[in-house]
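**Student:** Structure incoming, see below.
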Amino acid sequence: MDVLDWPRLRSVLEPWRALVNQGRIPAAFLWVGSEGTGKTVSAWAITQALLCPHGDKIMPCRQCADCIALSRLSHVDLWLFPPTGGERNLEETVSRFREALRENPFLSLADWELLLLGGRGSLSIGVEGVRRLQEALSLKKAEGGWRVVWFWHAEMLTRQAANALLKLVEEPPPHVLFFFLATRAEALPATLRSRCQVWRFPPLSAEELRKLAGVELSQAQLSMAQGSFSRLKRLLEPTQAPYIQALREWLRAILTPHSQVDIASVIESLVHAPRLSELILMGVGLIREHPQLSFPQKTIGIDTLLALADAIEAHLHPHALLWEATLYLQRQWHSPRPQLGMLFG
Ligand SMILES: [Zn+2]
């Protein structure tokens with residue numbers, strides 16, 4: 001996909017155009033939204049617009065050497081800081097990140113972790129890269145052009161890295177634009193947040209998801225995607241089909257007393273799902289839009305699934321956890337009065 005063709009670009013370009021025309025390009029953007037809502041592709045498009053020497057900072061020419069380098073994310077004036085870990089050095093991390101984003105501009109953090117660390121180790125954006133950035137930015141650019149810096153999943157900045165950045169963002173060198181792309185703004189220190197222009201990225205609409213996917217989507221698929229194209233891509237992968245099927249059967253079996261579904265064998269299929277916690281999160285969308293569940297039942301269901309996904313993520317025993325969630329939901333959904341007090345008490 002060419003990032004300049006993505007459906008929501010217009011809603012980003014309009015406010016951007018206003019800033020450019022008023023000569024008020026900020027030193028830093030903090031873009032906040034769930035994964036798969038287009039923060040990265042939007043940053044990519046604006047970076048291209050800003051760094052193309054032949055455009056008007058709103059639309060790039062798409063043909064010059066700079067545009068071609070930017071379409072590959074390998075421009076000298078673009079610094080990328082993805083989360084890293086497991087002793088990977090910065091160069092290696094960034095070059096794999098470029099490759100991964102070129103392949104899939106809607107790369108999810110889980111995909112990135114799997115790609116970089118094979119699912120072992122934990123990710124963060126450390127202070128080492130920030131120090132190198134400070135040095136590089138302190139050198140003046142001869143031609144006076146723009147320089148752009150991305151912090152991808154900025155919520156993973158270590159405290160030390162965020163503090164080091166604060167100074168840079170408070171007194172930015174001229175013609176530098178920072179992008180902090182984050183799923184949770186609160187994870188960044190308030191002092192840093194207050195220096196940024198904050199834009200929110202809401203979930204994608206059904207129409208936008210259809211356009212991006214290029215195929216018709218069922219209501220269940222739209223519910224499970226919950227406005228995230230990253231999630232939709234994952235659930236459309238053919239290898240996911242049996243697990244999605246198992247997830248739906250599991251929820252149906254819990255919801256329908258005396259159903260013919262053999263819960264034990266459904267759970268047996270579920271535990272083999274790669275990235276089970278993400279699959280469970282797709283179930284949240286199914287519960288949220290289920291026509292037969294009341295509001296308290298939905299609340300209990302969603303809360304249970306979120307807790308289940310967290311516990312699985314913490315590497316607890318998925319088999320036992322799935323059984324526990326099954327029995328709990330059976331009790332709660334079929335009791336005459338679901339106990340909201342358990343959640344809010
Ligand atoms: Zn160009």
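The chains in the structure tokens are called A, B, ... from first to last as shown; in each chain the residues are counted from 1, and the ligands are counted from 1 in the order shown.
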All residues within 6 Å of ligand 1 are required, counting only C-alpha atoms and all ligand atoms; please report them as a ChimeraX atom specification.
**Tutor:** /A:52-54,60-64,66-67
**Student:** Which of range 93-150 of chain A end up as strand (DSSP E or B) when DSSP is run on this backbone - answer as number ranges by chain?
**Tutor:** A: 124-125, 147-150
**Student:** Using only C-alpha atoms, I'd like a table of the residues in range 113-223 of chain A that come within 12 Å of range 243-267 of chain A; for each, show the closest atom pair and its distance in Å rounded to one decimal, ordered by chain and ascending number, as a tab-separated table.
**Tutor:**
residue	atom	partner	partner_atom	distance
A:Ala220	CA	A:Arg248	CA	9.3
A:Gln221	CA	A:Ile244	CA	9.6
A:Ser223	CA	A:Arg248	CA	11.8
**Student:** Keeping N, CA and C atoms, export the residues of the selection given above as a PDB file, in the first residue's frame.
**Tutor:**
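Written out: selection.pdb:
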ATOM      1  N   ALA A 220     -19.345 -10.141  12.099  1.00  0.00           N
ATOM      2  CA  ALA A 220     -18.505 -10.705  13.168  1.00  0.00           C
ATOM      3  C   ALA A 220     -17.050 -10.249  13.004  1.00  0.00           C
ATOM      4  N   GLN A 221     -16.579 -10.212  11.771  1.00  0.00           N
ATOM      5  CA  GLN A 221     -15.191  -9.772  11.541  1.00  0.00           C
ATOM      6  C   GLN A 221     -15.017  -8.306  11.947  1.00  0.00           C
ATOM      7  N   SER A 223     -16.835  -6.712  14.150  1.00  0.00           N
ATOM      8  CA  SER A 223     -16.902  -6.645  15.621  1.00  0.00           C
ATOM      9  C   SER A 223     -15.562  -7.016  16.237  1.00  0.00           C
TER      10      SER A 223
END
**Student:** List the neighbours of Gln219 in chain A out to 10 Å using only C-alpha atoms; skip same-chain residues closer than 3 positions along the sequence, and give me the result as a list in words.
**Tutor:**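 Answer for this query is Ala206, Glu216, Leu222, Ser223, Met224, Ala225, Leu286 and Glu289 of chain A.
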**Student:** Among range 30-117 of chain A, which residues does DSSP mark as helix (DSSP H, G or I) when it is run on the backbone? Keep the chain and numbering as in the structure and answer as number ranges by chain.
**Tutor:** A: 39-51, 65-71, 90-103, 109-117
**Student:** Fewer than 3 positions away in the same chain doesn't count, so skip those; otherwise give me all residues within 10 Å of Val94 in chain A, counting only C-alpha atoms, as a PDB file with C-alpha atoms, in the first residue's frame.
**Tutor:**
ATOM      1  CA  LEU A  73      11.984   4.972   5.124  1.00  0.00           C
ATOM      2  CA  SER A  74      15.709   5.329   4.569  1.00  0.00           C
ATOM      3  CA  TRP A  79      15.370   9.130  12.531  1.00  0.00           C
ATOM      4  CA  LEU A  80      13.373   6.110  13.622  1.00  0.00           C
ATOM      5  CA  PHE A  81      13.190   4.910  17.205  1.00  0.00           C
ATOM      6  CA  PRO A  82      11.229   1.700  17.543  1.00  0.00           C
ATOM      7  CA  PRO A  83      11.268  -0.234  20.836  1.00  0.00           C
ATOM      8  CA  THR A  84      14.153  -2.651  21.007  1.00  0.00           C
ATOM      9  CA  ARG A  88      20.007  -5.808  19.610  1.00  0.00           C
ATOM     10  CA  ASN A  89      22.015  -2.790  18.554  1.00  0.00           C
ATOM     11  CA  LEU A  90      20.299   0.311  17.251  1.00  0.00           C
ATOM     12  CA  GLU A  91      21.390  -0.032  13.610  1.00  0.00           C
ATOM     13  CA  PHE A  97      12.063  -1.975  11.505  1.00  0.00           C
ATOM     14  CA  ARG A  98      12.219  -0.261   8.106  1.00  0.00           C
ATOM     15  CA  GLU A  99      11.898  -3.576   6.381  1.00  0.00           C
ATOM     16  CA  ALA A 100       8.976  -4.617   8.586  1.00  0.00           C
TER      17      ALA A 100
END
**Student:** I'd like the neighbourhood of Glu207 in chain A as a PyMOL selection string, where a residue qualifies if any of its atoms comes within 12 Å (using only C-alpha atoms), though same-chain residues fewer than 6 positions away should be ignored.
**Tutor:** chain A and resi 7-8+213-217+219+222+227+229
**Student:** Okay, now the selection with C-alpha atoms, as a PDB file, in the first residue's frame?
**Tutor:**
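Writing the result to out_1.pdb gives the following:
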ATOM      1  CA  PRO A   7      -8.401   6.333   3.322  1.00  0.00           C
ATOM      2  CA  ARG A   8      -8.097   8.568   6.357  1.00  0.00           C
ATOM      3  CA  ALA A 213      -8.959  -4.780   3.375  1.00  0.00           C
ATOM      4  CA  GLY A 214     -10.274  -4.660  -0.185  1.00  0.00           C
ATOM      5  CA  VAL A 215     -12.777  -7.434   0.563  1.00  0.00           C
ATOM      6  CA  GLU A 216     -16.292  -7.666   1.973  1.00  0.00           C
ATOM      7  CA  LEU A 217     -16.297  -8.207   5.725  1.00  0.00           C
ATOM      8  CA  GLN A 219     -20.393  -8.312  10.897  1.00  0.00           C
ATOM      9  CA  LEU A 222     -15.943  -6.076  11.971  1.00  0.00           C
ATOM     10  CA  GLY A 227     -11.755  -0.457  14.434  1.00  0.00           C
ATOM     11  CA  PHE A 229      -6.713  -2.586  10.789  1.00  0.00           C
TER      12      PHE A 229
END
**Student:** Using only C-alpha atoms, which protein or nucleic acid residues come within 9 Å of Arg275 in chain A? Drop anything in the same chain fewer than 4 positions from it, and give the result as a ChimeraX atom specification.
**Tutor:** /A:110,279,313
**Student:** Next, dump the selected residues to file, keeping only all heavy atoms, as a PDB file, in the first residue's frame.
**Tutor:**
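Saved the output as again.pdb:
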ATOM      1  N   ALA A 110       2.985  -6.534  18.804  1.00  0.00           N
ATOM      2  CA  ALA A 110       3.203  -7.969  19.016  1.00  0.00           C
ATOM      3  C   ALA A 110       3.957  -8.576  17.832  1.00  0.00           C
ATOM      4  O   ALA A 110       4.874  -9.392  18.006  1.00  0.00           O
ATOM      5  CB  ALA A 110       1.877  -8.678  19.229  1.00  0.00           C
ATOM      6  N   LEU A 279      -6.048 -13.170  20.495  1.00  0.00           N
ATOM      7  CA  LEU A 279      -7.286 -13.817  20.039  1.00  0.00           C
ATOM      8  C   LEU A 279      -8.404 -13.551  21.047  1.00  0.00           C
ATOM      9  O   LEU A 279      -9.530 -13.214  20.691  1.00  0.00           O
ATOM     10  CB  LEU A 279      -7.041 -15.322  19.898  1.00  0.00           C
ATOM     11  CG  LEU A 279      -8.216 -16.134  19.357  1.00  0.00           C
ATOM     12  CD1 LEU A 279      -8.437 -15.850  17.879  1.00  0.00           C
ATOM     13  CD2 LEU A 279      -7.989 -17.630  19.558  1.00  0.00           C
ATOM     14  N   GLU A 313      -1.011 -13.281  29.001  1.00  0.00           N
ATOM     15  CA  GLU A 313       0.170 -12.506  28.628  1.00  0.00           C
ATOM     16  C   GLU A 313       1.273 -12.648  29.682  1.00  0.00           C
ATOM     17  O   GLU A 313       2.451 -12.624  29.379  1.00  0.00           O
ATOM     18  CB  GLU A 313      -0.255 -11.031  28.491  1.00  0.00           C
ATOM     19  CG  GLU A 313       0.688 -10.124  27.783  1.00  0.00           C
ATOM     20  CD  GLU A 313       0.922 -10.510  26.319  1.00  0.00           C
ATOM     21  OE1 GLU A 313       0.083 -11.184  25.686  1.00  0.00           O
ATOM     22  OE2 GLU A 313       1.972 -10.143  25.831  1.00  0.00           O
TER      23      GLU A 313
END
**Student:** For Arg184 in chain A, work out the shell of residues within 9 Å, counting only C-alpha atoms and skipping chain neighbours fewer than 6 positions away, then give it as an MDAnalysis selection string.
**Tutor:** chainID A and resid 32:34 153:155
**Student:** Dump all heavy atoms for the selected residues as a PDB file, in the first residue's frame?
**Tutor:**
ATOM      1  N   VAL A  32      -2.128   9.873  19.573  1.00  0.00           N
ATOM      2  CA  VAL A  32      -2.587   8.821  20.463  1.00  0.00           C
ATOM      3  C   VAL A  32      -3.772   8.082  19.847  1.00  0.00           C
ATOM      4  O   VAL A  32      -4.706   8.710  19.351  1.00  0.00           O
ATOM      5  CB  VAL A  32      -3.039   9.419  21.817  1.00  0.00           C
ATOM      6  CG1 VAL A  32      -3.342   8.307  22.805  1.00  0.00           C
ATOM      7  CG2 VAL A  32      -1.976  10.341  22.383  1.00  0.00           C
ATOM      8  N   GLY A  33      -3.733   6.775  19.896  1.00  0.00           N
ATOM      9  CA  GLY A  33      -4.852   5.969  19.408  1.00  0.00           C
ATOM     10  C   GLY A  33      -4.497   4.500  19.503  1.00  0.00           C
ATOM     11  O   GLY A  33      -3.310   4.159  19.634  1.00  0.00           O
ATOM     12  N   SER A  34      -5.518   3.639  19.442  1.00  0.00           N
ATOM     13  CA  SER A  34      -5.248   2.203  19.497  1.00  0.00           C
ATOM     14  C   SER A  34      -4.380   1.806  18.310  1.00  0.00           C
ATOM     15  O   SER A  34      -4.285   2.534  17.330  1.00  0.00           O
ATOM     16  CB  SER A  34      -6.549   1.403  19.407  1.00  0.00           C
ATOM     17  OG  SER A  34      -7.433   1.834  20.378  1.00  0.00           O
ATOM     18  N   HIS A 153       5.542   3.670  19.172  1.00  0.00           N
ATOM     19  CA  HIS A 153       5.146   3.140  20.489  1.00  0.00           C
ATOM     20  C   HIS A 153       5.917   3.875  21.585  1.00  0.00           C
ATOM     21  O   HIS A 153       6.612   3.281  22.412  1.00  0.00           O
ATOM     22  CB  HIS A 153       5.311   1.623  20.577  1.00  0.00           C
ATOM     23  CG  HIS A 153       4.192   0.897  19.907  1.00  0.00           C
ATOM     24  ND1 HIS A 153       3.001   0.631  20.538  1.00  0.00           N
ATOM     25  CD2 HIS A 153       4.047   0.451  18.651  1.00  0.00           C
ATOM     26  CE1 HIS A 153       2.177   0.039  19.686  1.00  0.00           C
ATOM     27  NE2 HIS A 153       2.770  -0.086  18.538  1.00  0.00           N
ATOM     28  N   ALA A 154       5.732   5.196  21.579  1.00  0.00           N
ATOM     29  CA  ALA A 154       6.453   6.063  22.514  1.00  0.00           C
ATOM     30  C   ALA A 154       6.105   5.759  23.963  1.00  0.00           C
ATOM     31  O   ALA A 154       6.829   6.159  24.874  1.00  0.00           O
ATOM     32  CB  ALA A 154       6.146   7.522  22.204  1.00  0.00           C
ATOM     33  N   GLU A 155       4.975   5.029  24.179  1.00  0.00           N
ATOM     34  CA  GLU A 155       4.647   4.665  25.558  1.00  0.00           C
ATOM     35  C   GLU A 155       5.706   3.727  26.138  1.00  0.00           C
ATOM     36  O   GLU A 155       5.736   3.479  27.333  1.00  0.00           O
ATOM     37  CB  GLU A 155       3.245   4.044  25.634  1.00  0.00           C
ATOM     38  CG  GLU A 155       3.087   2.645  25.049  1.00  0.00           C
ATOM     39  CD  GLU A 155       2.859   2.650  23.527  1.00  0.00           C
ATOM     40  OE1 GLU A 155       2.907   3.745  22.936  1.00  0.00           O
ATOM     41  OE2 GLU A 155       2.653   1.565  22.952  1.00  0.00           O
TER      42      GLU A 155
END
**Student:** For CA of Gly129 in chain A and CA of Glu92 in chain A, quote the distance in Å rounded to one decimal.
**Tutor:** 12.6 Å
**Student:** Find, counting only C-alpha atoms, the residue in A:Leu204, A:Ile125, A:Leu139, A:Val41 that gets nearest to Pro174 in chain A.
**Tutor:** A:Leu139
**Student:** Per residue of range 237-285 of chain A within 9 Å of range 291-302 of chain A, which atom pair is closest and at what distance in Å (one decimal), using only C-alpha atoms, listed by chain and increasing number, as a Markdown table?
**Tutor:**
| residue | atom | partner | partner_atom | distance |
| --- | --- | --- | --- | --- |
| A:Leu255 | CA | A:Leu293 | CA | 8.8 |
| A:Leu281 | CA | A:Ile302 | CA | 8.8 |
| A:Gly283 | CA | A:Ile302 | CA | 8.3 |
| A:Val284 | CA | A:Ile302 | CA | 5.4 |
| A:Gly285 | CA | A:Ile302 | CA | 8.4 |
